[in-house]
Structure formats: C-alpha cells, structure tokens
file run13.cif (mmCIF, C-alpha atoms)
data_input
loop_
_atom_site.label_atom_id
_atom_site.label_comp_id
_atom_site.auth_asym_id
_atom_site.auth_seq_id
_atom_site.Cartn_x
_atom_site.Cartn_y
_atom_site.Cartn_z
CA MET A 282 18.46 -5.94 8.43
CA HIS A 283 20.05 -3.89 5.70
CA GLN A 284 17.69 -2.39 3.14
CA ALA A 285 18.55 -4.98 0.47
CA GLU A 286 17.81 -7.74 2.97
CA LYS A 287 14.43 -6.17 3.72
CA ALA A 288 13.68 -6.14 0.00
CA ALA A 289 14.59 -9.81 -0.27
CA LEU A 290 12.36 -10.63 2.72
CA LEU A 291 9.41 -8.71 1.28
CA ARG A 292 9.80 -10.51 -2.05
CA GLN A 293 9.98 -13.86 -0.27
CA LEU A 294 6.77 -13.12 1.65
CA HIS A 295 4.90 -13.23 -1.67
CA HIS A 296 5.90 -16.88 -2.03
CA GLY A 297 5.41 -18.12 1.53
CA PRO A 298 3.10 -20.85 2.70
CA SER A 299 0.66 -18.22 3.99
CA ILE A 300 -0.96 -15.30 2.19
CA LEU A 301 0.76 -11.96 2.85
CA ARG A 302 -1.63 -9.77 4.84
CA LEU A 303 -1.04 -6.02 4.66
CA CYS A 304 -2.92 -3.67 6.99
CA ASN A 305 -2.22 -0.36 5.25
CA VAL A 306 -0.99 2.61 7.31
CA TRP A 307 -0.68 6.36 6.87
CA ASP A 308 1.73 7.61 9.56
CA ALA A 309 4.39 6.49 12.04
CA ALA A 310 1.94 5.67 14.82
CA SER A 311 -0.31 3.49 12.65
CA ALA A 312 2.80 1.77 11.27
CA ARG A 313 4.02 0.98 14.78
CA ILE A 314 0.62 -0.40 15.74
CA VAL A 315 0.66 -2.74 12.74
CA GLU A 316 4.23 -3.85 13.43
CA GLN A 317 3.45 -4.52 17.09
CA ALA A 318 0.43 -6.58 16.01
CA GLY A 319 2.93 -8.98 14.46
CA PHE A 320 2.70 -8.21 10.75
CA PRO A 321 5.91 -9.06 8.84
CA ALA A 322 5.71 -5.97 6.61
CA VAL A 323 4.10 -2.54 6.52
CA ALA A 324 2.33 -1.04 3.51
CA THR A 325 1.26 2.55 3.11
CA SER A 326 -1.97 3.77 1.55
CA SER A 327 -1.55 6.67 -0.87
CA ALA A 328 -5.07 7.88 -0.13
CA GLY A 329 -4.55 7.48 3.61
CA VAL A 330 -1.34 9.51 3.54
CA ALA A 331 -2.90 12.16 1.32
CA PHE A 332 -6.01 12.52 3.49
CA SER A 333 -3.92 12.76 6.67
CA LEU A 334 -1.93 15.63 5.15
CA GLY A 335 -4.94 17.51 3.77
CA TYR A 336 -4.87 16.42 0.11
CA PRO A 337 -7.40 14.51 -2.00
CA ASP A 338 -6.26 11.24 -3.55
CA VAL A 339 -4.75 10.68 -7.02
CA GLU A 340 -1.36 12.44 -7.04
CA ALA A 341 -2.65 15.72 -5.59
CA ILE A 342 -0.04 15.43 -2.83
CA PRO A 343 3.43 16.47 -4.08
CA ALA A 344 5.85 13.58 -4.47
CA ALA A 345 8.25 15.17 -1.98
CA GLU A 346 5.60 15.26 0.76
CA MET A 347 4.51 11.71 0.04
CA LEU A 348 8.09 10.44 0.22
CA ALA A 349 8.81 12.43 3.39
CA ASN A 350 5.93 10.64 5.06
CA VAL A 351 7.14 7.29 3.75
CA ALA A 352 10.53 8.08 5.31
CA ARG A 353 8.91 8.75 8.70
CA ILE A 354 7.06 5.43 8.47
CA ALA A 355 10.18 3.51 7.43
CA ARG A 356 12.12 5.00 10.36
CA ALA A 357 9.36 3.98 12.74
CA VAL A 358 9.50 0.22 12.07
CA ALA A 359 12.07 -2.53 11.67
CA VAL A 360 10.06 -4.58 9.16
CA PRO A 361 10.11 -3.97 5.38
CA VAL A 362 7.99 -1.06 4.12
CA THR A 363 6.24 -0.96 0.77
CA ALA A 364 4.77 2.37 -0.32
CA ASP A 365 1.80 3.14 -2.53
CA LEU A 366 3.23 5.79 -4.87
CA GLU A 367 0.21 5.94 -7.19
CA ALA A 368 1.36 6.18 -10.84
CA GLY A 369 4.89 7.27 -9.91
CA TYR A 370 4.35 11.00 -10.41
CA GLU A 371 6.02 12.81 -13.30
CA ASP A 372 9.51 11.31 -13.07
CA ILE A 373 9.40 7.61 -12.21
CA GLU A 374 13.17 7.27 -11.84
CA ARG A 375 13.32 10.15 -9.38
CA THR A 376 10.34 8.71 -7.50
CA ALA A 377 11.95 5.26 -7.30
CA ALA A 378 15.24 6.75 -6.09
CA GLY A 379 13.30 8.77 -3.50
CA LEU A 380 11.62 5.60 -2.32
CA VAL A 381 14.98 3.95 -1.66
CA GLU A 382 16.32 7.08 0.00
CA ALA A 383 13.23 7.09 2.25
CA GLY A 384 14.13 3.61 3.48
CA ALA A 385 11.29 1.70 1.83
CA VAL A 386 11.86 -1.39 -0.30
CA GLY A 387 8.67 -1.86 -2.32
CA LEU A 388 6.07 0.15 -4.18
CA ASN A 389 2.63 -0.05 -5.71
CA LEU A 390 2.61 1.34 -9.24
CA GLU A 391 -0.78 1.92 -10.86
CA ASP A 392 -1.51 2.45 -14.54
CA PHE A 393 -4.09 5.26 -14.30
CA GLN A 394 -2.75 8.82 -14.41
CA ASN A 395 -4.12 12.26 -15.30
CA GLY A 396 -7.58 10.82 -15.81
CA ASN A 397 -6.54 8.15 -18.31
CA LEU A 398 -5.20 4.64 -18.52
CA VAL A 399 -1.47 4.92 -19.18
CA ASP A 400 -0.31 3.65 -22.56
CA LEU A 401 0.79 0.05 -22.13
CA ALA A 402 4.26 0.55 -23.58
CA ALA A 403 4.82 3.57 -21.34
CA GLN A 404 3.71 1.64 -18.26
CA VAL A 405 6.00 -1.26 -19.12
CA GLU A 406 8.90 1.20 -19.41
CA LYS A 407 8.03 2.64 -15.98
CA ILE A 408 8.34 -0.81 -14.43
CA ARG A 409 11.65 -1.41 -16.17
CA ALA A 410 12.87 1.99 -14.97
CA VAL A 411 12.02 1.14 -11.35
CA ARG A 412 13.91 -2.12 -11.72
CA ARG A 413 16.96 -0.30 -13.14
CA VAL A 414 16.96 2.25 -10.32
CA GLY A 415 16.81 -0.51 -7.71
CA GLU A 416 19.70 -2.36 -9.32
CA ARG A 417 21.77 0.82 -9.51
CA LEU A 418 21.17 1.64 -5.85
CA GLY A 419 21.65 -1.92 -4.60
CA VAL A 420 18.07 -2.30 -3.34
CA PRO A 421 15.99 -4.67 -5.50
CA ILE A 422 12.67 -2.81 -5.22
CA VAL A 423 9.64 -5.08 -4.89
CA ILE A 424 7.17 -3.91 -7.55
CA ASN A 425 3.43 -4.45 -7.10
CA ALA A 426 2.12 -3.55 -10.56
CA ARG A 427 -1.51 -2.50 -10.57
CA THR A 428 -4.11 -2.14 -13.28
CA ASP A 429 -7.16 0.04 -12.65
CA ILE A 430 -9.41 -1.39 -15.37
CA TYR A 431 -11.80 -3.04 -12.90
CA LEU A 432 -11.56 -0.39 -10.19
CA GLY A 433 -12.27 2.44 -12.62
CA GLN A 434 -14.74 0.34 -14.65
CA LEU A 435 -12.80 1.38 -17.72
CA GLY A 436 -14.01 0.41 -21.18
CA ASP A 437 -16.37 -2.36 -22.22
CA ALA A 438 -17.24 -4.60 -19.26
CA ALA A 439 -17.18 -7.65 -21.52
CA THR A 440 -13.49 -7.13 -22.30
CA ARG A 441 -12.21 -6.10 -18.85
CA PHE A 442 -10.89 -9.51 -17.93
CA GLU A 443 -9.02 -9.97 -21.21
CA ARG A 444 -7.60 -6.45 -21.15
CA SER A 445 -6.56 -6.74 -17.49
CA VAL A 446 -4.81 -10.05 -18.07
CA GLY A 447 -3.00 -8.67 -21.12
CA ARG A 448 -1.69 -5.68 -19.18
CA LEU A 449 -0.74 -7.69 -16.12
CA LEU A 450 1.19 -10.27 -18.14
CA ALA A 451 3.12 -7.42 -19.74
CA TYR A 452 3.88 -5.99 -16.30
CA ARG A 453 5.06 -9.40 -15.12
CA ASP A 454 7.38 -9.73 -18.10
CA ALA A 455 8.73 -6.20 -17.50
CA GLY A 456 9.92 -7.16 -14.01
CA ALA A 457 7.00 -6.85 -11.59
CA ASP A 458 7.06 -9.06 -8.50
CA CYS A 459 3.32 -9.06 -7.81
CA LEU A 460 0.23 -8.06 -9.79
CA PHE A 461 -2.63 -6.03 -8.32
CA VAL A 462 -6.24 -5.90 -9.55
CA PRO A 463 -8.29 -3.67 -7.22
CA GLY A 464 -12.02 -3.69 -7.88
CA VAL A 465 -12.29 -7.47 -8.30
CA TYR A 466 -14.24 -9.16 -5.51
CA ASP A 467 -16.17 -12.13 -6.90
CA GLN A 468 -14.59 -15.52 -6.43
CA GLU A 469 -15.13 -16.66 -10.01
CA THR A 470 -13.15 -13.76 -11.48
CA ILE A 471 -10.44 -14.06 -8.82
CA ALA A 472 -10.00 -17.77 -9.57
CA ALA A 473 -9.87 -17.04 -13.31
CA LEU A 474 -7.19 -14.38 -12.78
CA VAL A 475 -5.07 -16.76 -10.70
CA LYS A 476 -5.31 -19.39 -13.44
CA ALA A 477 -4.55 -16.95 -16.26
CA LEU A 478 -1.62 -15.21 -14.59
CA GLN A 479 0.13 -18.00 -12.66
CA PHE A 480 1.93 -15.30 -10.68
CA PRO A 481 1.61 -13.67 -7.22
CA LEU A 482 -1.65 -11.71 -7.19
CA ASN A 483 -2.82 -8.96 -4.80
CA ILE A 484 -6.51 -8.48 -3.98
CA LEU A 485 -7.92 -5.40 -2.26
CA ALA A 486 -10.09 -6.45 0.70
CA THR A 487 -13.28 -4.46 1.09
CA ALA A 488 -17.04 -4.99 1.24
CA GLY A 489 -17.95 -8.10 -0.73
CA ALA A 490 -14.44 -9.56 -0.85
CA PRO A 491 -13.85 -13.16 0.24
CA THR A 492 -12.22 -13.83 3.61
CA VAL A 493 -8.45 -14.14 3.80
CA ASP A 494 -8.73 -17.91 4.25
CA ARG A 495 -10.86 -18.18 1.11
CA LEU A 496 -8.49 -15.95 -0.85
CA GLN A 497 -5.62 -18.23 0.12
CA GLN A 498 -7.62 -21.24 -1.06
CA LEU A 499 -8.14 -19.46 -4.39
CA GLY A 500 -4.37 -19.00 -4.74
CA ILE A 501 -4.00 -15.32 -3.85
CA ALA A 502 -0.53 -14.35 -2.60
CA ARG A 503 -1.27 -10.95 -1.05
CA VAL A 504 -4.28 -9.16 0.42
CA SER A 505 -4.28 -5.49 1.40
CA LEU A 506 -6.78 -3.10 2.98
CA GLY A 507 -5.90 0.07 1.05
CA SER A 508 -7.33 3.25 2.52
CA GLY A 509 -9.91 1.27 4.51
CA PRO A 510 -8.22 1.52 7.94
CA MET A 511 -7.62 5.26 7.58
CA ARG A 512 -11.21 5.89 6.43
CA ALA A 513 -12.50 3.75 9.30
CA THR A 514 -10.49 5.97 11.66
CA MET A 515 -12.03 9.04 10.03
CA GLY A 516 -15.45 7.50 10.56
CA LEU A 517 -14.71 6.99 14.25
CA MET A 518 -13.56 10.60 14.58
CA ARG A 519 -16.80 11.74 12.93
CA ARG A 520 -18.89 9.69 15.36
CA ILE A 521 -16.92 11.03 18.35
CA ALA A 522 -17.46 14.60 17.16
CA GLU A 523 -21.16 14.07 16.50
CA GLU A 524 -21.70 12.50 19.93
CA LEU A 525 -19.94 15.39 21.65
CA ARG A 526 -21.96 17.91 19.61
CA ASP A 527 -25.35 16.24 20.03
CA SER A 528 -25.35 14.69 23.49
CA GLY A 529 -22.30 16.08 25.28
CA THR A 530 -21.07 12.56 26.08
CA TYR A 531 -17.82 10.71 25.31
CA ALA A 532 -18.75 7.03 25.05
CA ARG A 533 -17.37 6.47 21.55
CA MET A 534 -14.05 8.08 22.44
CA LEU A 535 -13.76 5.92 25.56
CA ASP A 536 -14.59 2.64 23.82
CA GLY A 537 -11.22 0.92 23.42
CA PRO A 538 -8.70 3.74 22.93
CA VAL A 539 -4.97 3.24 23.30
CA THR A 540 -4.06 4.64 26.70
CA TYR A 541 -1.95 7.79 26.90
CA PRO A 542 1.06 5.95 28.43
CA ASP A 543 0.84 3.23 25.77
CA ALA A 544 0.61 5.82 22.97
CA ASN A 545 3.60 7.67 24.33
CA GLU A 546 5.59 4.47 24.74
CA LEU A 547 4.68 3.42 21.20
CA VAL A 548 6.70 6.25 19.69
CA GLN A 549 9.30 6.63 22.44
CA ASN A 550 10.55 3.14 21.62
CA VAL A 551 11.15 4.22 18.05
CA ALA A 552 12.91 7.39 19.13
CA ARG A 553 15.25 5.37 21.35
CA ALA A 554 16.03 2.97 18.49
CA HIS A 555 17.11 5.91 16.33
CA GLY A 556 19.02 7.71 19.07
CA LEU A 557 16.56 10.60 19.08
CA ARG A 558 15.51 12.69 22.03
CA SER A 559 11.85 12.37 22.94
CA SER A 560 11.29 15.93 21.71
CA GLU A 561 12.60 15.14 18.22
CA PRO A 562 10.13 13.97 15.52
CA LEU A 563 10.51 10.67 13.80
#

call {"tool": "encode", "arguments": {"input": "run13.cif", "output": "structure tokens"}}
result
Amino acid sequence: MHQAEKAALLRQLHHGPSILRLCNVWDAASARIVEQAGFPAVATSSAGVAFSLGYPDVEAIPAAEMLANVARIARAVAVPVTADLEAGYEDIERTAAGLVEAGAVGLNLEDFQNGNLVDLAAQVEKIRAVRRVGERLGVPIVINARTDIYLGQLGDAATRFERSVGRLLAYRDAGADCLFVPGVYDQETIAALVKALQFPLNILATAGAPTVDRLQQLGIARVSLGSGPMRATMGLMRRIAEELRDSGTYARMLDGPVTYPDANELVQNVARAHGLRSSEPL
C-alpha cells in the first residue's frame, strides 16, 4: 500500500465491526512480532521508545531521535504505523511533517506539556496544523487526540468528566479522528464518555480496565497498551538478572524465549523486503 492508503486503512479500522486492538511497540523487532501476530496496525509507545533509548518519558527524548526510531519501525512492517509523539514537541508542523517522512500515518497528540495542561485554543490549533500538514503532503494523518485530565488527576475531581468532554469535543471539531482518555478505567465513566462524545474513543488498558470484549460492548473503538509491554519486558529482564545474580541459574531466561534462528529470521525478512544486506540496519 501507498502511505495515503495506509492512512485510509488506519482510519477505517476505527469504524470496523471489531474494536481496534493496539499492542504498543518500541523498536523494529517488537513491531515485527506484533505484525506477525496478526494485528492490522502497529502503534508506538512514546515512553517505551524513550526508555529503550535511555531517556525518561515526557518529551525528554529529542524529536529527531523519536522520529528516527519511528522510521525504523515503519520500515520494519507493512501495516499502518501510528506514533505516540507526546505533545508534538516545540514545532507541531515540523513534527507532523517528520512523521510523514518517517513513513507513519497516525499520531497520538496529548494536551499536557511542560508540566501544564495546554491552553485549549492552542491545542485545537495544533490539531488543525497536523491536519493541514497531512493535506499538504498527501497523507491524511490519523489523529488520536488525547486529554490528560484523568491520567494526571488535574484539577477538581468533581469537574474532570465535564472538562474532559469539553476538551475532547473541541478536538473532534478541530479534525481529530479518535479521542483518547487515559486514566479512565471504571465502566460507568467509560459508558458516560461514549454517550457524551458519540465518536471513536480510545481506552488505555492496564490494571483495573475492563476486558476488550467488555470495552467493545461499551462502545469503545480502540484499546491500546501504552508502555505496558515495554515495561513488562523490563520486568522480565530484571527477574533474569536477579536470578543470575542470586542463584546462578537461567530458568526465567529459558522460559519461552524466541529462538535465535527465529529472531534472526524475524529481521532478515524485513531486510530482504527493503533490498538491504543482512549487515545493514533497518
């Protein structure tokens, strides 16, 4: 598929008969694993990418490094890629153009930056700017517009629902394709958001969240895992290291790893698809 066709497919997946499941990745290998598992799209985790490259989360990683990693991931898979680009960094138009240049077709755009909730009018203009860049470049970027009011527990708890809905409706009207409310897990609030927004809604799956089947029953269009898979991998690495340190055994490392030939084949297939020699990086 051409990039514009991938964007159209990703947008369509938000309106399919089944909820869009996104198992977030952080590098080419994890992206290939997700694609081979049969997922129709790949989503990156900003925290996962940052951690893998030695940065803390929340725009500590330079935009150029983030986009370079997105490009590696997009080259590694044939399915559409949507990238978590936090709050868009300092120049949203440059970031959006870099996203397209990297080969991705969608982005998460959050409204918390530099320790504060972004002014609503400024955030609306960011979404419009992303839409303009996509139109100019011929790739209709799929925008997942996120509010951090619940995740950051910002402001009076009694007004969080009303304030979140107000922001999200503004993001919808500015051109977003999906709305994202991380930090909401209880079914009553999720159902109320679906009713109030009447628009594709993304829920972050973590401890306490309903199952995917239940989320679909509630009317959710998209469920993602965020940095969970990468942090779970970090947890496994910690347990492997502790076992080696404390008992001198390797049981955790040997419990279900991808074999060396399979791991090698995983990336060699990508290299062949791009006409690269096996010694060249993705």

call {"tool": "resolve_selection", "arguments": {"input": "run13.cif", "expression": "the PyMOL selection byres ((chain A and resi 425) around 7)", "output": "PyMOL selection string"}}
result
chain A and resi 388-390+423-424+426-427+457-461

call {"tool": "write_last_selection", "arguments": {"input": "run13.cif", "atoms": "C-alpha atoms", "output": "PDB file, in the coordinates of the input"}}
result
ATOM      1  CA  LEU A 388       6.070   0.150  -4.180  1.00  0.00           C
ATOM      2  CA  ASN A 389       2.630  -0.050  -5.710  1.00  0.00           C
ATOM      3  CA  LEU A 390       2.610   1.340  -9.240  1.00  0.00           C
ATOM      4  CA  VAL A 423       9.640  -5.080  -4.890  1.00  0.00           C
ATOM      5  CA  ILE A 424       7.170  -3.910  -7.550  1.00  0.00           C
ATOM      6  CA  ALA A 426       2.120  -3.550 -10.560  1.00  0.00           C
ATOM      7  CA  ARG A 427      -1.510  -2.500 -10.570  1.00  0.00           C
ATOM      8  CA  ALA A 457       7.000  -6.850 -11.590  1.00  0.00           C
ATOM      9  CA  ASP A 458       7.060  -9.060  -8.500  1.00  0.00           C
ATOM     10  CA  CYS A 459       3.320  -9.060  -7.810  1.00  0.00           C
ATOM     11  CA  LEU A 460       0.230  -8.060  -9.790  1.00  0.00           C
ATOM     12  CA  PHE A 461      -2.630  -6.030  -8.320  1.00  0.00           C
TER      13      PHE A 461
END

call {"tool": "residues_around", "arguments": {"input": "run13.cif", "residues": "Leu294 of chain A", "least_positions_apart": "2", "cutoff": "12 Å", "atoms": "all atoms listed in the file", "output": "JSON list (two decimals) with C-alpha atoms, in the coordinates of the input"}}
result
[["chain", "number", "residue", "atom", "x", "y", "z"],
["A", 287, "LYS", "CA", 14.43, -6.17, 3.72],
["A", 288, "ALA", "CA", 13.68, -6.14, 0.00],
["A", 289, "ALA", "CA", 14.59, -9.81, -0.27],
["A", 290, "LEU", "CA", 12.36, -10.63, 2.72],
["A", 291, "LEU", "CA", 9.41, -8.71, 1.28],
["A", 292, "ARG", "CA", 9.80, -10.51, -2.05],
["A", 296, "HIS", "CA", 5.90, -16.88, -2.03],
["A", 297, "GLY", "CA", 5.41, -18.12, 1.53],
["A", 298, "PRO", "CA", 3.10, -20.85, 2.70],
["A", 299, "SER", "CA", 0.66, -18.22, 3.99],
["A", 300, "ILE", "CA", -0.96, -15.30, 2.19],
["A", 301, "LEU", "CA", 0.76, -11.96, 2.85],
["A", 302, "ARG", "CA", -1.63, -9.77, 4.84],
["A", 303, "LEU", "CA", -1.04, -6.02, 4.66],
["A", 320, "PHE", "CA", 2.70, -8.21, 10.75],
["A", 321, "PRO", "CA", 5.91, -9.06, 8.84],
["A", 322, "ALA", "CA", 5.71, -5.97, 6.61],
["A", 323, "VAL", "CA", 4.10, -2.54, 6.52],
["A", 360, "VAL", "CA", 10.06, -4.58, 9.16],
["A", 361, "PRO", "CA", 10.11, -3.97, 5.38],
["A", 423, "VAL", "CA", 9.64, -5.08, -4.89],
["A", 458, "ASP", "CA", 7.06, -9.06, -8.50],
["A", 459, "CYS", "CA", 3.32, -9.06, -7.81],
["A", 481, "PRO", "CA", 1.61, -13.67, -7.22],
["A", 502, "ALA", "CA", -0.53, -14.35, -2.60],
["A", 503, "ARG", "CA", -1.27, -10.95, -1.05],
["A", 504, "VAL", "CA", -4.28, -9.16, 0.42]]

call {"tool": "resolve_selection", "arguments": {"input": "run13.cif", "expression": "the PyMOL selection byres ((chain A and resi 409-415) around 12)", "output": "ChimeraX atom specification"}}
result
/A:284-285,288,366,368-369,372-382,385-390,402-408,416-426,451-458

call {"tool": "write_last_selection", "arguments": {"input": "run13.cif", "atoms": "C-alpha atoms", "output": "short mmCIF file (atom, residue, chain, number, x, y, z; two decimals), in the coordinates of the input"}}
result
data_model
loop_
_atom_site.label_atom_id
_atom_site.label_comp_id
_atom_site.auth_asym_id
_atom_site.auth_seq_id
_atom_site.Cartn_x
_atom_site.Cartn_y
_atom_site.Cartn_z
CA GLN A 284 17.69 -2.39 3.14
CA ALA A 285 18.55 -4.98 0.47
CA ALA A 288 13.68 -6.14 0.00
CA LEU A 366 3.23 5.79 -4.87
CA ALA A 368 1.36 6.18 -10.84
CA GLY A 369 4.89 7.27 -9.91
CA ASP A 372 9.51 11.31 -13.07
CA ILE A 373 9.40 7.61 -12.21
CA GLU A 374 13.17 7.27 -11.84
CA ARG A 375 13.32 10.15 -9.38
CA THR A 376 10.34 8.71 -7.50
CA ALA A 377 11.95 5.26 -7.30
CA ALA A 378 15.24 6.75 -6.09
CA GLY A 379 13.30 8.77 -3.50
CA LEU A 380 11.62 5.60 -2.32
CA VAL A 381 14.98 3.95 -1.66
CA GLU A 382 16.32 7.08 0.00
CA ALA A 385 11.29 1.70 1.83
CA VAL A 386 11.86 -1.39 -0.30
CA GLY A 387 8.67 -1.86 -2.32
CA LEU A 388 6.07 0.15 -4.18
CA ASN A 389 2.63 -0.05 -5.71
CA LEU A 390 2.61 1.34 -9.24
CA ALA A 402 4.26 0.55 -23.58
CA ALA A 403 4.82 3.57 -21.34
CA GLN A 404 3.71 1.64 -18.26
CA VAL A 405 6.00 -1.26 -19.12
CA GLU A 406 8.90 1.20 -19.41
CA LYS A 407 8.03 2.64 -15.98
CA ILE A 408 8.34 -0.81 -14.43
CA GLU A 416 19.70 -2.36 -9.32
CA ARG A 417 21.77 0.82 -9.51
CA LEU A 418 21.17 1.64 -5.85
CA GLY A 419 21.65 -1.92 -4.60
CA VAL A 420 18.07 -2.30 -3.34
CA PRO A 421 15.99 -4.67 -5.50
CA ILE A 422 12.67 -2.81 -5.22
CA VAL A 423 9.64 -5.08 -4.89
CA ILE A 424 7.17 -3.91 -7.55
CA ASN A 425 3.43 -4.45 -7.10
CA ALA A 426 2.12 -3.55 -10.56
CA ALA A 451 3.12 -7.42 -19.74
CA TYR A 452 3.88 -5.99 -16.30
CA ARG A 453 5.06 -9.40 -15.12
CA ASP A 454 7.38 -9.73 -18.10
CA ALA A 455 8.73 -6.20 -17.50
CA GLY A 456 9.92 -7.16 -14.01
CA ALA A 457 7.00 -6.85 -11.59
CA ASP A 458 7.06 -9.06 -8.50
#

call {"tool": "residues_near_point", "arguments": {"input": "run13.cif", "point": "(-4.7, 6.2, -19.6)", "cutoff": "12 Å", "atoms": "all atoms listed in the file", "output": "list in words"}}
result
Ala368, Glu391, Asp392, Phe393, Gln394, Asn395, Gly396, Asn397, Leu398, Val399, Asp400, Leu401, Ala402, Ala403, Gln404, Thr428, Asp429, Ile430, Gly433, Leu435 and Gly436 of chain A

call {"tool": "atom_distance", "arguments": {"input": "run13.cif", "atom1": "atom CA of Gly319 of chain A", "atom2": "atom CA of Gly500 of chain A"}}
result
22.9 Å

call {"tool": "residues_around", "arguments": {"input": "run13.cif", "residues": "Gln498 of chain A", "least_positions_apart": "3", "cutoff": "12 Å", "atoms": "all atoms listed in the file", "output": "PDB file with C-alpha atoms, in the coordinates of the input"}}
result
ATOM      1  CA  PRO A 298       3.100 -20.850   2.700  1.00  0.00           C
ATOM      2  CA  SER A 299       0.660 -18.220   3.990  1.00  0.00           C
ATOM      3  CA  ILE A 300      -0.960 -15.300   2.190  1.00  0.00           C
ATOM      4  CA  GLN A 468     -14.590 -15.520  -6.430  1.00  0.00           C
ATOM      5  CA  ILE A 471     -10.440 -14.060  -8.820  1.00  0.00           C
ATOM      6  CA  ALA A 472     -10.000 -17.770  -9.570  1.00  0.00           C
ATOM      7  CA  VAL A 475      -5.070 -16.760 -10.700  1.00  0.00           C
ATOM      8  CA  PRO A 491     -13.850 -13.160   0.240  1.00  0.00           C
ATOM      9  CA  THR A 492     -12.220 -13.830   3.610  1.00  0.00           C
ATOM     10  CA  VAL A 493      -8.450 -14.140   3.800  1.00  0.00           C
ATOM     11  CA  ASP A 494      -8.730 -17.910   4.250  1.00  0.00           C
ATOM     12  CA  ARG A 495     -10.860 -18.180   1.110  1.00  0.00           C
ATOM     13  CA  ILE A 501      -4.000 -15.320  -3.850  1.00  0.00           C
ATOM     14  CA  ALA A 502      -0.530 -14.350  -2.600  1.00  0.00           C
TER      15      ALA A 502
END

call {"tool": "axis_aligned_box", "arguments": {"input": "run13.cif", "around": "segment 405-414 of chain A", "padding_each_side": "5 Å", "output": "AutoDock Vina command-line options"}}
result
--center_x 11.5 --center_y 0.3 --center_z -14.9 --size_x 21.0 --size_y 14.8 --size_z 19.1

call {"tool": "atom_distance", "arguments": {"input": "run13.cif", "atom1": "atom CA of Arg448 of chain A", "atom2": "atom CA of Glu286 of chain A"}}
result
29.6 Å

call {"tool": "decode", "arguments": {"input": "run13.cif", "residues": "segment 292-306 of chain A", "atoms": "C-alpha atoms", "output": "PDB file, in the first residue's frame"}}
result
ATOM      1  CA  ARG A 292      -8.883   5.493   9.843  1.00  0.00           C
ATOM      2  CA  GLN A 293     -11.282   2.787   8.681  1.00  0.00           C
ATOM      3  CA  LEU A 294     -10.135   0.445  11.463  1.00  0.00           C
ATOM      4  CA  HIS A 295     -11.640   2.879  13.972  1.00  0.00           C
ATOM      5  CA  HIS A 296     -15.063   2.226  12.452  1.00  0.00           C
ATOM      6  CA  GLY A 297     -14.906  -1.534  11.908  1.00  0.00           C
ATOM      7  CA  PRO A 298     -17.166  -4.162  13.386  1.00  0.00           C
ATOM      8  CA  SER A 299     -14.454  -5.076  15.903  1.00  0.00           C
ATOM      9  CA  ILE A 300     -12.574  -2.891  18.364  1.00  0.00           C
ATOM     10  CA  LEU A 301      -9.106  -1.869  17.157  1.00  0.00           C
ATOM     11  CA  ARG A 302      -6.527  -3.557  19.390  1.00  0.00           C
ATOM     12  CA  LEU A 303      -3.084  -1.947  19.528  1.00  0.00           C
ATOM     13  CA  CYS A 304      -0.190  -3.738  21.224  1.00  0.00           C
ATOM     14  CA  ASN A 305       2.264  -0.849  21.523  1.00  0.00           C
ATOM     15  CA  VAL A 306       5.877  -1.340  20.403  1.00  0.00           C
TER      16      VAL A 306
END
